[in-house]
Structures are given as C-alpha cells and as structure tokens.
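Shown next, in structure tokens, is the structure this report addresses.
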Amino acid sequence: MPQSPLETSAGHAVPTRRVLSARRVELTDTTAAGATLRRPKPATLPARPHFSSGPCAKPPGWSPSRIDTRSLGRSHRSALGKARLQETIERTKALLQLPADYRLGIVPASDTGAVEMALWALLGPKPVTMLAWESFGAGWVTDVSKQLKLKAEVRTADYGQIAELGGIDPASDVVFTWNGTTSGVRVPNADWIAEDRTGLTICDATSAAFAQRIDWPKIDVGTFSWQKALGGEGGHGMLVLSPRAVERLKQAQTNRPLPKIFRLTKGGALIEGVFKGETINTPSMLAVEDWLVALDWAERVGGLDALIARADANAGALDRWVAASDWIQHLTGDPAIRSNTSVCLQFADRADEEANKARQKAIVKLLEVEDAAYDIGAYRDAPPGIRIWCGATVDTGDIEKLGPWLDWAWEATA
Ligand SMILES: Cc1ncc(COP(=O)(O)O)c(C=O)c1O
C-alpha cells in the first residue's frame with residue numbers, strides 16, 4: 001500500500017498523525033510562543049492543496065483509473081506503443097498550436113534533457129548570447145561557459161528583475177528561459193527577437209508552455225517537460241525544432257563528441273523517427289499514458305486559450321490576496337514580467353534574511369501539516385518567501401481558499 005507522507009517508514013521515528021493533529025488543535029488558539037492569535041483558523045481547506053511548482057497539480061478529476069494501460073508491459077516499438085507515442089506528439093503539437101512545419105519529439109531526461117540536447121548539439125558555429133534571471137537560466141549559462149567552454153555574451157539580472165533584452169545581435173544564437181520558475185519573472189513577449197535573425201533562439205519554456213502565449217515563429221528550439229503545466233510525470237522532455245534548427249543540426253560540424261541520447265542526426269541527416277514516436281531509448285509508457293490523460297483534460301476544457309485563461313485567473317486571484325496583505329509582496333514589482341504560473345512572493349520586511357528563511361520554513365511546514373498547501377517554499381537560492389503554482393491544473397477556488405490560510409500561518413509562526 002502506498003505510504004502517506006505523514007506515515008512512519010521503516011526505521012524512521014517521524015511524528016505520527018495523532019501528534020500532528022494535536023498540534024493542529026493547539027494552533028487554533030495560540031502560537032508556538034504562546035501568544036494569542038487574532039485570527040481563527042480558516043474553516044475551509046483548498047480541495048486540492050497541490051501548489052508545487054513541479055511536479056505540479058494533476059488535472060482536476062485526474063485518477064489513476066483514467067490511465068489507459070493497454071500499452072503497459074508492451075514494447076514501445078510495437079504497433080500499439082508507436083501509435084500511442086505518435087498520438088502523444090500530434091495532440092501535443094496541436095494543443096500548443098505549433099507551426100505546421102515545426103517538429104516535436106519526446107526525449108529522455110525531462111526538460112533538462114531537452115535543453116542539454118539542444119545546447120550540445122547546436123551551439124558552437126555562431127556567437128552565443130545567454131540570458132538569465134534566475135537559477136535555471138543560470139544553470140544553462142554554466143553549461144555553456146564552463147562545460148561547453150563557449151565564449152558567450154552573458155546578460156543576467158537579479159531575482160525579480162529581467163535581463164536587458166534589447167540590442168541582441170541577430171547573428172547570435174540566444175539561450176533563455178521564457179518563464180523563470182524560481183523568480184516568477186517571464187519575458188513580456190518575443191518582440192525583442194528579430195524576425196530576420198540568422199542565429200537560433202533556444203528557449204526553455206517548461207514553466208510557460210500551456211499557460212502563456214509563446215510566439216513560436218520567434219523560437220527555433222523550445223523545450224518543456226510533462227511534469228509542469230499539465231500535471232504530467234517527470235522523466236521525459238519534449239523538444240520543439242523549427243526548420244532552421246533542423247538545418248543547423250544537419251550542417252553543424254562541431255566535432256564535439258555527443259552521447260547517444262543527445263544525438264538527433266545520423267550521417268548528416270535528421271533522425272526523423274524521433275519526431276514520429278520512435279524514441280531514442282525506452283520511454284515510460286506509464287508517463288506517456290498519463291500525459292494522454294492530461295491532454296484529454298486540456299482539450300476538453302477548451303484547449304490552449306482556456307488553459308491560459310485558467311492560469312491568468314489563478315494568478316489574478318492570488319494577486320488580489322497579495323494586494324490586500326501587508327506582510328507579503330510580489331518578488332517582481334512589474335506586472336508586465338510577472339509569471340502567471342510560478343508566482344514568487346517575498347516578505348515585506350526583509351531586514352533579517354535568516355529570520356525570514358526560518359519563517360518561510362515554519363509557514364511551509366505548518367500549511368503542509370494542515371493539508372492547506374503543499375510545497376510552497378521559495379526556491380532555495382531565491383529570496384525567502386513563498387511560491388504558489390498558478391498553472392491551469394490548479395482551480396481558482398483553491399487559490400481563493402489558500403489566502404486566509406497563508407494569513408493564518410503568518411500569524412501562527414510569529
Ligand atoms: C525553468 C526550468 N528549467 C528546467 C527545469 C528542470 O526541469 P526537469 O526537472 O523537468 O528537467 C525546471 C524545473 O523546475 C524549470 O523550472
């Protein structure tokens with residue numbers, strides 16, 4: 001039987017449910033330090049306290065019983081396995097509204113795998129501009145500068161800000177993250193990307209896809225993983241390639257050794273099978289079938305427009321609570337670059353960072369114990385605070401119910 005996270009696993013002396021619920025009662029009246037709370041514990045819990053920024057909430061109504069298991073325990077190269085993989089690609093491409101001449105493939109190692117594949121297979125022949133404003137973008141900078149040892153122009157910005165997007169040489173390849181999951185900062189649009197560029201744009205879109213409008217003709221390589229905005233499983237990434245990216249792949253002779261799982265060409269030709277469901281190595285058909293369940297839901301609710309509208313409504317509901325609250329603020333002050341998925345908030349009083357880190361930890365723990373919110377701590381390298389995932393699989397009603405719990409937890413941890 002699966003263990004609940006609050007149940008003791010063999011060899012670990014963790015608190016039992018009984019002890020935790022006793023603490024819950026205590027917190028209705030007093031703080032840990034004994035001060036009386038002004039605010040009663042909210043009466044209603046969010047129906048689904050899943051606000052993690054990855055893996056993200058499953059689609060509403062999801063259940064394991066919805067997963068079609070016919071392809072499990074079968075070869076992924078069987079007619080059925082290949083058909084399910086191809087269907088996955090075609091329906092995802094349609095949902096994302098990718099241009100007809102773009103390719104989409106399923107690749108190993110989640111979004112990281114897809115980004116690494118692109119960086120290692122494509123970069124080198126042209127100058128490179130790296131844009132980073134939070135920790136995942138910074139990771140790609142490290143890869144390009146320290147591992148690939150390419151001399152790149154690196155433009156960075158602090159948490160809450162965005163790097164300078166103007167004046168990028170159109171002959172340069174550009175690597176950037178559409179939505180910075182750890183800072184809640186996204187690009188406002190793709191107007192800064194030249195239409196007549198000769199360089200390629202490589203975009204980590206994992207926390208933007210299915211929630212934000214991506215200007216695909218401006219993107220040559222796009223990546224995302226299933227565990228984000230449609231609540232799929234980790235393990236596989238998806239790689240979007242424009243015709244120009246395919247041309248580069250065919251022509252690029254970087255003489256760089258590439259491991260098999262990064263190779264998209266053979267003898268100077270694209271391995272077309274990857275974009276028709278013939279994966280490079282064995283995929284998890286369970287993750288594939290689970291993604292198809294997520295696609296069923298996304299199509300049923302109205303497709304991309306409806307998904308974006310749901311994320312916007314969630315971020316709007318959270319923003320109304322932030323505006324009415326005096327202890328928390330958006331990490332970015334500029335709504336034009338503020339995420340509608342990974343919404344990052346910081347404490348209004350930032351005089352004592354260590355105290356804020358401890359407060360963050362206490363709030364996150366308390367709300368988890370209460371089953372009011374799971375996994376809402378700010379990313380470890382980001383300024384202390386909370387981060388609430390507002391992507392489409394979250395219900396707006398749950399965001400509205402969360403606000404009072406956050407206020408209550410703030411007081412309860414004073
Ligand atoms: C912007 C961004 N890039 C990359 C990753 C890594 O994704 P994965 O674990 O799917 O490889 C994440 C994960 O949260 C992310 O938010």
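Simple scheme: letters A, B, ... for chains in structure tokens order, numbers from 1 for residues in each chain, numbers from 1 for ligands in the order shown.
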Practice problem: With a distance cut-off of 6 Å and only C-alpha atoms, select the neighbouring residues of stretch 182-186 of chain A, excluding the residue or stretch itself and same-chain residues fewer than 3 positions from it, and output the selection as JSON, numbers by chain. | Solution: {"A": [134, 159, 160, 178, 179, 337, 338, 339, 342, 343, 344, 379]}
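For A:Asp349, the residues within 10 Å (counting only C-alpha atoms, excluding itself and residues fewer than 5 positions away along the chain) are Asp326, Trp327, Ile328, Gln329 and Asn356 of chain A.
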For the selection you just gave me, I'd like the residues written to a file as a PDB file, in the first residue's frame, keeping C-alpha atoms.
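See again-v5.pdb below for the written result:
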ATOM      1  CA  ASP A 326       0.657  43.773   4.403  1.00  0.00           C
ATOM      2  CA  TRP A 327       3.251  41.073   5.113  1.00  0.00           C
ATOM      3  CA  ILE A 328       3.940  39.721   1.640  1.00  0.00           C
ATOM      4  CA  GLN A 329       4.804  41.223  -1.753  1.00  0.00           C
ATOM      5  CA  ASN A 356      12.805  35.175   7.055  1.00  0.00           C
TER       6      ASN A 356
END
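Closest approach to A:Gly403 among A:Asp220, A:Asp375, A:Asp381, A:Asp319: A:Asp319, based on only C-alpha atoms.
Here the question is which of A:Leu366, A:Ala229, A:Cys203, A:Ile308 gets nearest to A:Ala114 using only C-alpha atoms, and that residue is A:Cys203.
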Show me, as JSON lines, the residues of chain A having an atom within 8 Å of ligand 1, each with the closest atom pair and its distance in Å, using only C-alpha atoms and all ligand atoms.
{"residue": "A:Ser53", "atom": "CA", "partner": "ligand 1", "partner_atom_place_in_ligand_line": "14 (O)", "distance": 6.7}
{"residue": "A:Gly54", "atom": "CA", "partner": "ligand 1", "partner_atom_place_in_ligand_line": "14 (O)", "distance": 5.5}
{"residue": "A:Pro55", "atom": "CA", "partner": "ligand 1", "partner_atom_place_in_ligand_line": "14 (O)", "distance": 7.8}
{"residue": "A:Ala109", "atom": "CA", "partner": "ligand 1", "partner_atom_place_in_ligand_line": "11 (O)", "distance": 6.2}
{"residue": "A:Ser110", "atom": "CA", "partner": "ligand 1", "partner_atom_place_in_ligand_line": "11 (O)", "distance": 4.2}
{"residue": "A:Asp111", "atom": "CA", "partner": "ligand 1", "partner_atom_place_in_ligand_line": "11 (O)", "distance": 3.8}
{"residue": "A:Thr112", "atom": "CA", "partner": "ligand 1", "partner_atom_place_in_ligand_line": "11 (O)", "distance": 3.6}
{"residue": "A:Gly113", "atom": "CA", "partner": "ligand 1", "partner_atom_place_in_ligand_line": "11 (O)", "distance": 6.3}
{"residue": "A:Ala114", "atom": "CA", "partner": "ligand 1", "partner_atom_place_in_ligand_line": "11 (O)", "distance": 7.9}
{"residue": "A:Val115", "atom": "CA", "partner": "ligand 1", "partner_atom_place_in_ligand_line": "4 (C)", "distance": 7.9}
{"residue": "A:Phe136", "atom": "CA", "partner": "ligand 1", "partner_atom_place_in_ligand_line": "3 (N)", "distance": 5.1}
{"residue": "A:Gly137", "atom": "CA", "partner": "ligand 1", "partner_atom_place_in_ligand_line": "1 (C)", "distance": 6.9}
{"residue": "A:Thr177", "atom": "CA", "partner": "ligand 1", "partner_atom_place_in_ligand_line": "1 (C)", "distance": 6.0}
{"residue": "A:Trp178", "atom": "CA", "partner": "ligand 1", "partner_atom_place_in_ligand_line": "1 (C)", "distance": 7.7}
{"residue": "A:Asn179", "atom": "CA", "partner": "ligand 1", "partner_atom_place_in_ligand_line": "1 (C)", "distance": 6.3}
{"residue": "A:Gly180", "atom": "CA", "partner": "ligand 1", "partner_atom_place_in_ligand_line": "1 (C)", "distance": 5.2}
{"residue": "A:Thr181", "atom": "CA", "partner": "ligand 1", "partner_atom_place_in_ligand_line": "16 (O)", "distance": 4.5}
{"residue": "A:Thr182", "atom": "CA", "partner": "ligand 1", "partner_atom_place_in_ligand_line": "16 (O)", "distance": 6.8}
{"residue": "A:Asp204", "atom": "CA", "partner": "ligand 1", "partner_atom_place_in_ligand_line": "3 (N)", "distance": 6.0}
{"residue": "A:Ala205", "atom": "CA", "partner": "ligand 1", "partner_atom_place_in_ligand_line": "1 (C)", "distance": 6.7}
{"residue": "A:Thr206", "atom": "CA", "partner": "ligand 1", "partner_atom_place_in_ligand_line": "1 (C)", "distance": 5.6}
{"residue": "A:Ser207", "atom": "CA", "partner": "ligand 1", "partner_atom_place_in_ligand_line": "16 (O)", "distance": 5.6}
{"residue": "A:Phe224", "atom": "CA", "partner": "ligand 1", "partner_atom_place_in_ligand_line": "10 (O)", "distance": 7.1}
{"residue": "A:Ser225", "atom": "CA", "partner": "ligand 1", "partner_atom_place_in_ligand_line": "10 (O)", "distance": 4.9}
{"residue": "A:Trp226", "atom": "CA", "partner": "ligand 1", "partner_atom_place_in_ligand_line": "10 (O)", "distance": 7.3}
{"residue": "A:Gln227", "atom": "CA", "partner": "ligand 1", "partner_atom_place_in_ligand_line": "10 (O)", "distance": 6.5}
{"residue": "A:Lys228", "atom": "CA", "partner": "ligand 1", "partner_atom_place_in_ligand_line": "10 (O)", "distance": 7.6}
{"residue": "A:Gly234", "atom": "CA", "partner": "ligand 1", "partner_atom_place_in_ligand_line": "10 (O)", "distance": 6.0}
{"residue": "A:Gly235", "atom": "CA", "partner": "ligand 1", "partner_atom_place_in_ligand_line": "10 (O)", "distance": 7.0}
{"residue": "A:His236", "atom": "CA", "partner": "ligand 1", "partner_atom_place_in_ligand_line": "10 (O)", "distance": 7.4}
{"residue": "A:Gly237", "atom": "CA", "partner": "ligand 1", "partner_atom_place_in_ligand_line": "10 (O)", "distance": 6.8}
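Distances to A:Asp312 were evaluated for A:Glu116, A:Asp395, A:Asp296, A:Asp158 using only C-alpha atoms, and the minimum falls at A:Asp395.
Minimum distance to A:Leu402 across A:Pro46, A:Gly316, A:Pro40, A:Pro384 (counting only C-alpha atoms) occurs at A:Pro46.
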Exercise. Identify all residues of stretch 270-333 of chain A in strand (DSSP E) (DSSP on the backbone) and supply them as a list of chain:residue names.
Key: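 Filtering stretch 270-333 of chain A down to strand (DSSP E) leaves A:Leu270, A:Ile328, A:Gln329, A:His330.
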Keeping only N, CA and C atoms, write those residues as a short mmCIF file (atom, residue, chain, number, x, y, z; two decimals), in the first residue's frame.
data_model
loop_
_atom_site.label_atom_id
_atom_site.label_comp_id
_atom_site.auth_asym_id
_atom_site.auth_seq_id
_atom_site.Cartn_x
_atom_site.Cartn_y
_atom_site.Cartn_z
N LEU A 270 18.69 14.28 -40.33
CA LEU A 270 17.91 14.27 -39.09
C LEU A 270 17.35 12.87 -38.88
N ILE A 328 3.34 40.42 2.78
CA ILE A 328 3.94 39.72 1.64
C ILE A 328 3.84 40.60 0.39
N GLN A 329 4.80 40.43 -0.51
CA GLN A 329 4.80 41.22 -1.75
C GLN A 329 5.25 40.34 -2.91
N HIS A 330 4.94 40.78 -4.11
CA HIS A 330 5.49 40.08 -5.27
C HIS A 330 7.01 40.28 -5.30
#
Taking only C-alpha atoms into account, produce a table as a tab-separated table in which each residue of stretch 208-265 of chain A with an atom at most 9 Å from an atom of stretch 275-284 of chain A appears once, together with its shortest atom pair and the distance in Å to one decimal, ordered by chain and rising number.
residue	atom	partner	partner_atom	distance
A:Gly235	CA	A:Ser284	CA	7.8
A:His236	CA	A:Pro283	CA	7.5
A:Leu239	CA	A:Phe275	CA	9.0
A:Lys260	CA	A:Ile280	CA	8.0
A:Ile261	CA	A:Ile280	CA	6.4
A:Phe262	CA	A:Ile280	CA	8.8
A:Arg263	CA	A:Ile280	CA	8.5
A:Leu264	CA	A:Ile280	CA	8.7
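Using only C-alpha atoms, the smallest distance between any of A:Leu165, A:Leu123, A:Ala94, A:Val107 and A:Ala252 comes from A:Leu123.
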Exercise. Write out as a count of residues only each polymer residue whose atoms come within 12 Å of A:Thr44, counting only C-alpha atoms; drop sequence neighbours fewer than 3 positions from it.
Key: 17
Quiz item: Can you list, as number ranges by chain, every protein, DNA or RNA residue that comes within 9 Å of A:Leu72 when you count only C-alpha atoms, leaving out same-chain residues fewer than 2 positions away?
Solution: A: 68-70, 74-76, 81, 284-286, 289
Okay, now the selection with C-alpha atoms, as a PDB file, in the first residue's frame?
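Result file is out_31.pdb:
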ATOM      1  CA  ASP A  68      -5.217   3.538 -20.462  1.00  0.00           C
ATOM      2  CA  THR A  69      -2.990   0.601 -19.541  1.00  0.00           C
ATOM      3  CA  ARG A  70      -3.088  -1.321 -22.829  1.00  0.00           C
ATOM      4  CA  ARG A  74       4.411  -3.965 -24.154  1.00  0.00           C
ATOM      5  CA  SER A  75       7.304  -2.934 -26.372  1.00  0.00           C
ATOM      6  CA  HIS A  76       7.355   0.771 -27.136  1.00  0.00           C
ATOM      7  CA  GLY A  81       3.345   1.568 -28.470  1.00  0.00           C
ATOM      8  CA  SER A 284       7.981   5.183 -19.656  1.00  0.00           C
ATOM      9  CA  MET A 285       4.723   4.222 -21.316  1.00  0.00           C
ATOM     10  CA  LEU A 286       3.033   4.895 -17.988  1.00  0.00           C
ATOM     11  CA  GLU A 289      -0.369   7.345 -20.984  1.00  0.00           C
TER      12      GLU A 289
END
Exercise. Just list the residues in stretch 32-270 of chain A DSSP gives alpha helix (DSSP H) on the backbone, as number ranges by chain.
Key: A: 79-96, 110-122, 135-142, 243-251
Practice problem: State, in Å with one decimal place, the distance from atom CA of A:Val187 to atom CA of A:Ala211. | Solution: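 Those two atoms sit 13.3 Å apart.
Our summary of the geometry notes that atom CA of A:Ala382 is positioned 28.8 Å from atom CA of A:Pro42.
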